[in-house]
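*Asks:* Pasting query-v3.pdb here (PDB, C-alpha atoms and all ligand atoms):
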MODEL        1
ATOM      1  CA  MET A   1     -30.816  33.260  11.899  1.00  0.00           C
ATOM      2  CA  THR A   2     -29.347  30.562   9.787  1.00  0.00           C
ATOM      3  CA  LEU A   3     -25.959  30.652   8.152  1.00  0.00           C
ATOM      4  CA  LEU A   4     -27.446  30.869   4.691  1.00  0.00           C
ATOM      5  CA  LEU A   5     -29.800  33.700   5.473  1.00  0.00           C
ATOM      6  CA  ALA A   6     -27.004  35.576   7.223  1.00  0.00           C
ATOM      7  CA  LEU A   7     -24.789  35.123   4.193  1.00  0.00           C
ATOM      8  CA  LEU A   8     -27.496  36.218   1.823  1.00  0.00           C
ATOM      9  CA  LEU A   9     -28.243  39.338   3.836  1.00  0.00           C
ATOM     10  CA  THR A  10     -24.513  40.026   4.139  1.00  0.00           C
ATOM     11  CA  VAL A  11     -24.162  39.821   0.401  1.00  0.00           C
ATOM     12  CA  ILE A  12     -27.184  42.028  -0.173  1.00  0.00           C
ATOM     13  CA  LEU A  13     -26.209  44.633   2.403  1.00  0.00           C
ATOM     14  CA  TYR A  14     -22.454  44.769   1.892  1.00  0.00           C
ATOM     15  CA  LEU A  15     -22.064  43.948  -1.735  1.00  0.00           C
ATOM     16  CA  VAL A  16     -25.010  45.530  -3.363  1.00  0.00           C
ATOM     17  CA  ASP A  17     -26.134  47.861  -0.621  1.00  0.00           C
ATOM     18  CA  GLY A  18     -29.138  49.622  -2.120  1.00  0.00           C
ATOM     19  CA  GLY A  19     -31.585  49.381  -4.969  1.00  0.00           C
ATOM     20  CA  VAL A  20     -31.326  45.725  -5.762  1.00  0.00           C
ATOM     21  CA  VAL A  21     -32.540  43.354  -8.443  1.00  0.00           C
ATOM     22  CA  LEU A  22     -32.120  39.755  -7.332  1.00  0.00           C
ATOM     23  CA  THR A  23     -32.673  36.455  -9.093  1.00  0.00           C
ATOM     24  CA  ARG A  24     -31.660  33.141  -7.608  1.00  0.00           C
ATOM     25  CA  GLU A  25     -31.548  29.482  -8.459  1.00  0.00           C
ATOM     26  CA  VAL A  26     -31.099  26.602  -6.043  1.00  0.00           C
ATOM     27  CA  LYS A  27     -28.739  24.426  -8.087  1.00  0.00           C
ATOM     28  CA  ALA A  28     -28.294  21.737  -5.464  1.00  0.00           C
ATOM     29  CA  LEU A  29     -29.736  20.980  -2.047  1.00  0.00           C
ATOM     30  CA  ALA A  30     -28.927  17.987   0.161  1.00  0.00           C
ATOM     31  CA  GLY A  31     -31.729  15.429   0.188  1.00  0.00           C
ATOM     32  CA  ASP A  32     -32.112  15.703   3.958  1.00  0.00           C
ATOM     33  CA  SER A  33     -32.356  19.514   3.923  1.00  0.00           C
ATOM     34  CA  ASP A  34     -34.895  22.104   2.900  1.00  0.00           C
ATOM     35  CA  LEU A  35     -35.171  25.817   2.091  1.00  0.00           C
ATOM     36  CA  TYR A  36     -38.135  28.112   1.620  1.00  0.00           C
ATOM     37  CA  LEU A  37     -37.379  31.847   1.742  1.00  0.00           C
ATOM     38  CA  LEU A  38     -40.336  34.131   1.225  1.00  0.00           C
ATOM     39  CA  PHE A  39     -40.110  37.929   0.894  1.00  0.00           C
ATOM     40  CA  ASP A  40     -43.220  39.966   1.699  1.00  0.00           C
ATOM     41  CA  GLN A  41     -42.701  42.487  -1.062  1.00  0.00           C
ATOM     42  CA  GLY A  42     -40.822  43.114  -4.278  1.00  0.00           C
ATOM     43  CA  CYS A  43     -40.770  39.670  -5.866  1.00  0.00           C
ATOM     44  CA  LYS A  44     -42.563  38.631  -9.031  1.00  0.00           C
ATOM     45  CA  THR A  45     -42.461  34.842  -8.848  1.00  0.00           C
ATOM     46  CA  THR A  46     -42.303  31.975  -6.391  1.00  0.00           C
ATOM     47  CA  ASP A  47     -41.013  28.461  -6.871  1.00  0.00           C
ATOM     48  CA  ALA A  48     -40.319  25.418  -4.737  1.00  0.00           C
ATOM     49  CA  TYR A  49     -37.732  27.421  -2.747  1.00  0.00           C
ATOM     50  CA  GLY A  50     -39.753  30.605  -2.198  1.00  0.00           C
ATOM     51  CA  SER A  51     -39.672  34.088  -3.724  1.00  0.00           C
ATOM     52  CA  ASN A  52     -37.709  34.865  -6.854  1.00  0.00           C
ATOM     53  CA  ASN A  53     -37.137  37.685  -9.357  1.00  0.00           C
ATOM     54  CA  CYS A  54     -37.101  40.403  -6.713  1.00  0.00           C
ATOM     55  CA  GLU A  55     -36.521  44.134  -6.896  1.00  0.00           C
ATOM     56  CA  TRP A  56     -36.239  46.526  -3.959  1.00  0.00           C
ATOM     57  CA  GLY A  57     -35.782  50.279  -4.050  1.00  0.00           C
ATOM     58  CA  TRP A  58     -33.479  52.369  -1.895  1.00  0.00           C
ATOM     59  CA  GLY A  59     -34.588  52.645   1.704  1.00  0.00           C
ATOM     60  CA  SER A  60     -37.197  49.952   1.404  1.00  0.00           C
ATOM     61  CA  LEU A  61     -37.995  47.472   4.128  1.00  0.00           C
ATOM     62  CA  ILE A  62     -37.173  43.901   3.250  1.00  0.00           C
ATOM     63  CA  SER A  63     -39.157  41.487   5.357  1.00  0.00           C
ATOM     64  CA  GLY A  64     -40.220  37.927   5.033  1.00  0.00           C
ATOM     65  CA  SER A  65     -40.058  34.487   6.511  1.00  0.00           C
ATOM     66  CA  LEU A  66     -37.714  31.566   6.345  1.00  0.00           C
ATOM     67  CA  THR A  67     -38.533  27.901   6.619  1.00  0.00           C
ATOM     68  CA  SER A  68     -35.481  25.713   6.446  1.00  0.00           C
ATOM     69  CA  GLU A  69     -34.025  22.457   7.558  1.00  0.00           C
ATOM     70  CA  LEU A  70     -30.457  21.289   7.896  1.00  0.00           C
ATOM     71  CA  GLY A  71     -30.640  17.511   7.933  1.00  0.00           C
ATOM     72  CA  HIS A  72     -27.291  16.755   9.555  1.00  0.00           C
ATOM     73  CA  ASP A  73     -24.695  18.511  11.704  1.00  0.00           C
ATOM     74  CA  LEU A  74     -21.948  20.561  10.078  1.00  0.00           C
ATOM     75  CA  LEU A  75     -18.691  19.684  11.798  1.00  0.00           C
ATOM     76  CA  PRO A  76     -15.223  21.268  11.585  1.00  0.00           C
ATOM     77  CA  GLY A  77     -14.043  20.872   7.998  1.00  0.00           C
ATOM     78  CA  SER A  78     -17.312  22.171   6.587  1.00  0.00           C
ATOM     79  CA  THR A  79     -16.816  25.099   4.222  1.00  0.00           C
ATOM     80  CA  VAL A  80     -18.519  28.073   2.648  1.00  0.00           C
ATOM     81  CA  ASN A  81     -17.339  29.039  -0.811  1.00  0.00           C
ATOM     82  CA  LEU A  82     -18.390  32.131  -2.697  1.00  0.00           C
ATOM     83  CA  LYS A  83     -17.465  32.491  -6.346  1.00  0.00           C
ATOM     84  CA  PHE A  84     -18.861  35.582  -8.003  1.00  0.00           C
ATOM     85  CA  THR A  85     -18.180  37.540 -11.136  1.00  0.00           C
ATOM     86  CA  VAL A  86     -18.593  41.260 -10.536  1.00  0.00           C
ATOM     87  CA  ASN A  87     -19.346  43.650 -13.375  1.00  0.00           C
ATOM     88  CA  ARG A  88     -18.986  40.771 -15.800  1.00  0.00           C
ATOM     89  CA  LEU A  89     -15.207  40.434 -15.489  1.00  0.00           C
ATOM     90  CA  ILE A  90     -13.937  40.849 -11.934  1.00  0.00           C
ATOM     91  CA  LYS A  91     -13.581  37.549 -10.084  1.00  0.00           C
ATOM     92  CA  TRP A  92     -14.480  37.494  -6.399  1.00  0.00           C
ATOM     93  CA  GLU A  93     -13.869  34.188  -4.684  1.00  0.00           C
ATOM     94  CA  PHE A  94     -13.250  33.029  -1.147  1.00  0.00           C
ATOM     95  CA  THR A  95     -13.561  29.865   0.879  1.00  0.00           C
ATOM     96  CA  CYS A  96     -13.953  29.952   4.635  1.00  0.00           C
ATOM     97  CA  PRO A  97     -14.668  27.364   7.290  1.00  0.00           C
ATOM     98  CA  ALA A  98     -18.441  27.180   7.778  1.00  0.00           C
ATOM     99  CA  CYS A  99     -18.002  27.360  11.562  1.00  0.00           C
ATOM    100  CA  ASP A 100     -15.516  28.332  14.297  1.00  0.00           C
ATOM    101  CA  ALA A 101     -13.944  31.098  12.258  1.00  0.00           C
ATOM    102  CA  ASN A 102     -14.010  34.736  11.276  1.00  0.00           C
ATOM    103  CA  CYS A 103     -14.210  35.066   7.538  1.00  0.00           C
ATOM    104  CA  THR A 104     -12.395  37.976   5.923  1.00  0.00           C
ATOM    105  CA  THR A 105     -12.688  38.962   2.303  1.00  0.00           C
ATOM    106  CA  THR A 106     -12.226  42.091   0.253  1.00  0.00           C
ATOM    107  CA  ILE A 107     -15.240  43.211  -1.720  1.00  0.00           C
ATOM    108  CA  PRO A 108     -14.145  44.140  -5.199  1.00  0.00           C
ATOM    109  CA  VAL A 109     -15.041  47.443  -6.886  1.00  0.00           C
ATOM    110  CA  VAL A 110     -15.331  49.272  -3.561  1.00  0.00           C
ATOM    111  CA  ASN A 111     -12.184  47.431  -2.443  1.00  0.00           C
ATOM    112  CA  GLN A 112     -13.515  47.163   1.070  1.00  0.00           C
ATOM    113  CA  PRO A 113     -12.397  44.422   3.454  1.00  0.00           C
ATOM    114  CA  VAL A 114     -15.144  42.857   5.547  1.00  0.00           C
ATOM    115  CA  THR A 115     -14.946  40.345   8.359  1.00  0.00           C
ATOM    116  CA  PHE A 116     -17.904  38.416   9.619  1.00  0.00           C
ATOM    117  CA  PRO A 117     -18.071  35.734  12.292  1.00  0.00           C
ATOM    118  CA  LEU A 118     -19.271  32.239  11.488  1.00  0.00           C
ATOM    119  CA  PRO A 119     -21.192  30.283  14.116  1.00  0.00           C
ATOM    120  CA  PRO A 120     -19.477  27.889  16.517  1.00  0.00           C
ATOM    121  CA  CYS A 121     -18.985  24.244  15.509  1.00  0.00           C
ATOM    122  CA  PRO A 122     -20.884  22.069  15.244  1.00  0.00           C
ATOM    123  CA  ILE A 123     -23.746  23.739  13.410  1.00  0.00           C
ATOM    124  CA  GLN A 124     -26.377  21.363  14.636  1.00  0.00           C
ATOM    125  CA  ALA A 125     -29.073  19.970  12.412  1.00  0.00           C
ATOM    126  CA  PHE A 126     -32.143  22.167  12.803  1.00  0.00           C
ATOM    127  CA  GLU A 127     -35.528  22.918  11.461  1.00  0.00           C
ATOM    128  CA  VAL A 128     -37.051  26.406  11.530  1.00  0.00           C
ATOM    129  CA  VAL A 129     -40.574  27.121  10.413  1.00  0.00           C
ATOM    130  CA  ASP A 130     -41.758  30.558   9.362  1.00  0.00           C
ATOM    131  CA  GLN A 131     -38.964  32.465  11.065  1.00  0.00           C
ATOM    132  CA  LEU A 132     -39.653  36.160  10.470  1.00  0.00           C
ATOM    133  CA  PHE A 133     -36.895  38.587   9.552  1.00  0.00           C
ATOM    134  CA  ASN A 134     -36.600  42.159   8.374  1.00  0.00           C
ATOM    135  CA  THR A 135     -33.957  44.637   7.372  1.00  0.00           C
ATOM    136  CA  THR A 136     -33.982  48.040   5.710  1.00  0.00           C
ATOM    137  CA  LEU A 137     -31.900  48.903   2.701  1.00  0.00           C
ATOM    138  CA  PRO A 138     -29.799  52.073   2.924  1.00  0.00           C
ATOM    139  CA  ALA A 139     -31.510  55.267   1.792  1.00  0.00           C
ATOM    140  CA  GLN A 140     -29.208  55.643  -1.162  1.00  0.00           C
ATOM    141  CA  SER A 141     -26.569  53.800  -3.103  1.00  0.00           C
ATOM    142  CA  PRO A 142     -22.975  53.912  -1.857  1.00  0.00           C
ATOM    143  CA  SER A 143     -21.928  53.188  -5.409  1.00  0.00           C
ATOM    144  CA  PRO A 144     -22.091  55.934  -8.025  1.00  0.00           C
ATOM    145  CA  VAL A 145     -22.168  53.319 -10.766  1.00  0.00           C
ATOM    146  CA  LYS A 146     -24.220  50.282 -11.585  1.00  0.00           C
ATOM    147  CA  VAL A 147     -22.826  47.060 -10.138  1.00  0.00           C
ATOM    148  CA  THR A 148     -23.703  43.541 -11.200  1.00  0.00           C
ATOM    149  CA  ALA A 149     -22.697  40.337  -9.456  1.00  0.00           C
ATOM    150  CA  SER A 150     -23.530  36.752 -10.197  1.00  0.00           C
ATOM    151  CA  GLY A 151     -22.301  33.377  -9.088  1.00  0.00           C
ATOM    152  CA  ASP A 152     -22.589  30.617  -6.556  1.00  0.00           C
ATOM    153  CA  ILE A 153     -22.538  30.286  -2.800  1.00  0.00           C
ATOM    154  CA  VAL A 154     -21.740  26.679  -1.946  1.00  0.00           C
ATOM    155  CA  ILE A 155     -21.835  25.155   1.531  1.00  0.00           C
ATOM    156  CA  LYS A 156     -20.175  21.768   1.922  1.00  0.00           C
ATOM    157  CA  ASP A 157     -20.167  19.504   4.923  1.00  0.00           C
ATOM    158  CA  GLN A 158     -17.089  17.928   6.521  1.00  0.00           C
ATOM    159  CA  THR A 159     -17.215  15.012   4.053  1.00  0.00           C
ATOM    160  CA  GLY A 160     -17.118  17.409   1.090  1.00  0.00           C
ATOM    161  CA  ALA A 161     -20.752  16.730   0.186  1.00  0.00           C
ATOM    162  CA  THR A 162     -22.695  19.761  -1.004  1.00  0.00           C
ATOM    163  CA  VAL A 163     -25.340  20.960   1.425  1.00  0.00           C
ATOM    164  CA  ILE A 164     -26.478  23.746  -0.869  1.00  0.00           C
ATOM    165  CA  ASP A 165     -25.382  25.388  -4.087  1.00  0.00           C
ATOM    166  CA  LEU A 166     -27.201  28.682  -4.458  1.00  0.00           C
ATOM    167  CA  TYR A 167     -26.756  30.736  -7.622  1.00  0.00           C
ATOM    168  CA  LEU A 168     -27.451  34.464  -7.293  1.00  0.00           C
ATOM    169  CA  ASP A 169     -27.660  37.159  -9.918  1.00  0.00           C
ATOM    170  CA  MET A 170     -27.832  40.728  -8.619  1.00  0.00           C
ATOM    171  CA  THR A 171     -27.831  44.211 -10.028  1.00  0.00           C
ATOM    172  CA  VAL A 172     -27.573  47.472  -8.146  1.00  0.00           C
ATOM    173  CA  GLN A 173     -28.166  50.772  -9.745  1.00  0.00           C
TER     174      GLN A 173
HETATM  175  C1  LIG B   1     -13.339  36.243  15.812  1.00  0.00           C
HETATM  176  O1  LIG B   1     -12.942  37.561  16.115  1.00  0.00           O
HETATM  177  C2  LIG B   1     -13.325  37.965  17.414  1.00  0.00           C
HETATM  178  C3  LIG B   1     -12.980  39.446  17.554  1.00  0.00           C
HETATM  179  O2  LIG B   1     -11.659  39.679  17.146  1.00  0.00           O
HETATM  180  C4  LIG B   1     -12.604  37.096  18.436  1.00  0.00           C
HETATM  181  O3  LIG B   1     -12.987  37.471  19.725  1.00  0.00           O
HETATM  182  C5  LIG B   1     -13.004  35.653  18.190  1.00  0.00           C
HETATM  183  O4  LIG B   1     -12.304  34.801  19.063  1.00  0.00           O
HETATM  184  C6  LIG B   1     -12.721  35.249  16.767  1.00  0.00           C
HETATM  185  N1  LIG B   1     -13.251  33.929  16.544  1.00  0.00           N
HETATM  186  C7  LIG B   1     -12.535  32.907  16.048  1.00  0.00           C
HETATM  187  C8  LIG B   1     -13.231  31.604  15.893  1.00  0.00           C
HETATM  188  O5  LIG B   1     -11.365  33.034  15.720  1.00  0.00           O
HETATM  189  C1  LIG B   2     -38.724  43.891  12.369  1.00  0.00           C
HETATM  190  O1  LIG B   2     -38.140  43.025  13.330  1.00  0.00           O
HETATM  191  C2  LIG B   2     -38.164  43.542  14.645  1.00  0.00           C
HETATM  192  C3  LIG B   2     -37.353  42.614  15.521  1.00  0.00           C
HETATM  193  O2  LIG B   2     -37.555  41.271  15.175  1.00  0.00           O
HETATM  194  C4  LIG B   2     -39.617  43.668  15.099  1.00  0.00           C
HETATM  195  O3  LIG B   2     -39.677  44.191  16.397  1.00  0.00           O
HETATM  196  C5  LIG B   2     -40.339  44.608  14.141  1.00  0.00           C
HETATM  197  O4  LIG B   2     -41.719  44.649  14.478  1.00  0.00           O
HETATM  198  C6  LIG B   2     -40.190  44.128  12.715  1.00  0.00           C
HETATM  199  N1  LIG B   2     -40.729  45.153  11.828  1.00  0.00           N
HETATM  200  C7  LIG B   2     -41.476  44.849  10.784  1.00  0.00           C
HETATM  201  C8  LIG B   2     -41.978  46.013   9.987  1.00  0.00           C
HETATM  202  O5  LIG B   2     -41.760  43.702  10.464  1.00  0.00           O
ENDMDL
END
Go ahead and render the structure in this file as structure tokens.
*Replies:*
Amino acid sequence: MTLLLALLLTVILYLVDGGVVLTREVKALAGDSDLYLLFDQGCKTTDAYGSNNCEWGWGSLISGSLTSELGHDLLPGSTVNLKFTVNRLIKWEFTCPACDANCTTTIPVVNQPVTFPLPPCPIQAFEVVDQLFNTTLPAQSPSPVKVTASGDIVIKDQTGATVIDLYLDMTVQ
């Protein structure tokens, strides 16, 4: 599983955790890299990067396939930055090393700290074609209220060049 997919699933499962409406935009992608993420169900449109405008109900299976390419190695000094606005006014931002680290952040609203491991350095250039994945959303929402979150996940390499800038807009209710 690639770093990006892991991050995306982490965000979906930990942040929004349930009935989810998801829209995304690939704002930047390194010229030597590629991303095509296709979900089997729940999405209304597709574009050059795969499925978009998705909606999944509580307890539903999310499955799909990932084709992606990282054109060059990510060495120590590479970073992952998440900068979200939650419920239209709460800022949630963290930057972690992209590799050789455990990343800890506190999810706003639920005020829950989470730690997830990043892969060892270097993250070697790779190409995966049609890698299948699946996960099941929880049966019901952990949040009694509607939660919205939008913003960017940016991965930069050790030179500071952007590998990907992925904008996400999510609603859980
Ligand atoms: C991440 O945390 C685990 C469990 O505490 C630890 O074994 C591991 O060495 C940590 N990794 C890094 C890169 O610090
Ligand atoms: C989900 O993934 C697991 C492990 O990769 C696989 O065994 C299972 O058949 C998959 N289920 C579906 C419904 O795709």
*Asks:* To test your reading of the syntax: which residues would the PyMOL selection byres (((not hetatm)) within 9 of (chain B and resi 1)) return for the file shown? Reply as a tab-separated table (two decimals) with C-alpha atoms, keeping the file's coordinate frame.
*Replies:*
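Written out: result_13.tsv:
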chain	number	residue	atom	x	y	z
A	99	CYS	CA	-18.00	27.36	11.56
A	100	ASP	CA	-15.52	28.33	14.30
A	101	ALA	CA	-13.94	31.10	12.26
A	102	ASN	CA	-14.01	34.74	11.28
A	103	CYS	CA	-14.21	35.07	7.54
A	115	THR	CA	-14.95	40.34	8.36
A	116	PHE	CA	-17.90	38.42	9.62
A	117	PRO	CA	-18.07	35.73	12.29
A	118	LEU	CA	-19.27	32.24	11.49
A	119	PRO	CA	-21.19	30.28	14.12
A	120	PRO	CA	-19.48	27.89	16.52
*Asks:* I need the residue nearest ligand LIG 2 (chain B) from this list: A:Gly42, A:Gly64, A:Pro76, A:Gly19. Use only C-alpha atoms and all ligand atoms for the distance.
*Replies:*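 Of A:Gly42, A:Gly64, A:Pro76, A:Gly19, the one nearest ligand LIG 2 (chain B) is A:Gly64, counting only C-alpha atoms and all ligand atoms.
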*Asks:* If the PyMOL selection byres (((chain A and resi 173) around 9) and not hetatm) were run on this exact file, what residues would it hold? Put them as a ChimeraX atom specification.
*Replies:* /A:16,18-21,141,143-148,171-172
*Asks:* Smallest atom-to-atom distance to A:Asn87: which of A:Leu132, A:Val26, A:Ile62, A:Val109, using only C-alpha atoms?
*Replies:* A:Val109
*Asks:* Check every protein, DNA and RNA residue against ligand LIG 2 (chain B), keep those with an atom at most 10 Å away (counting only C-alpha atoms and all ligand atoms), and present them as a list in words.
*Replies:* Asp40, Leu61, Ile62, Ser63, Gly64, Gln131, Leu132, Phe133, Asn134, Thr135 and Thr136 of chain A
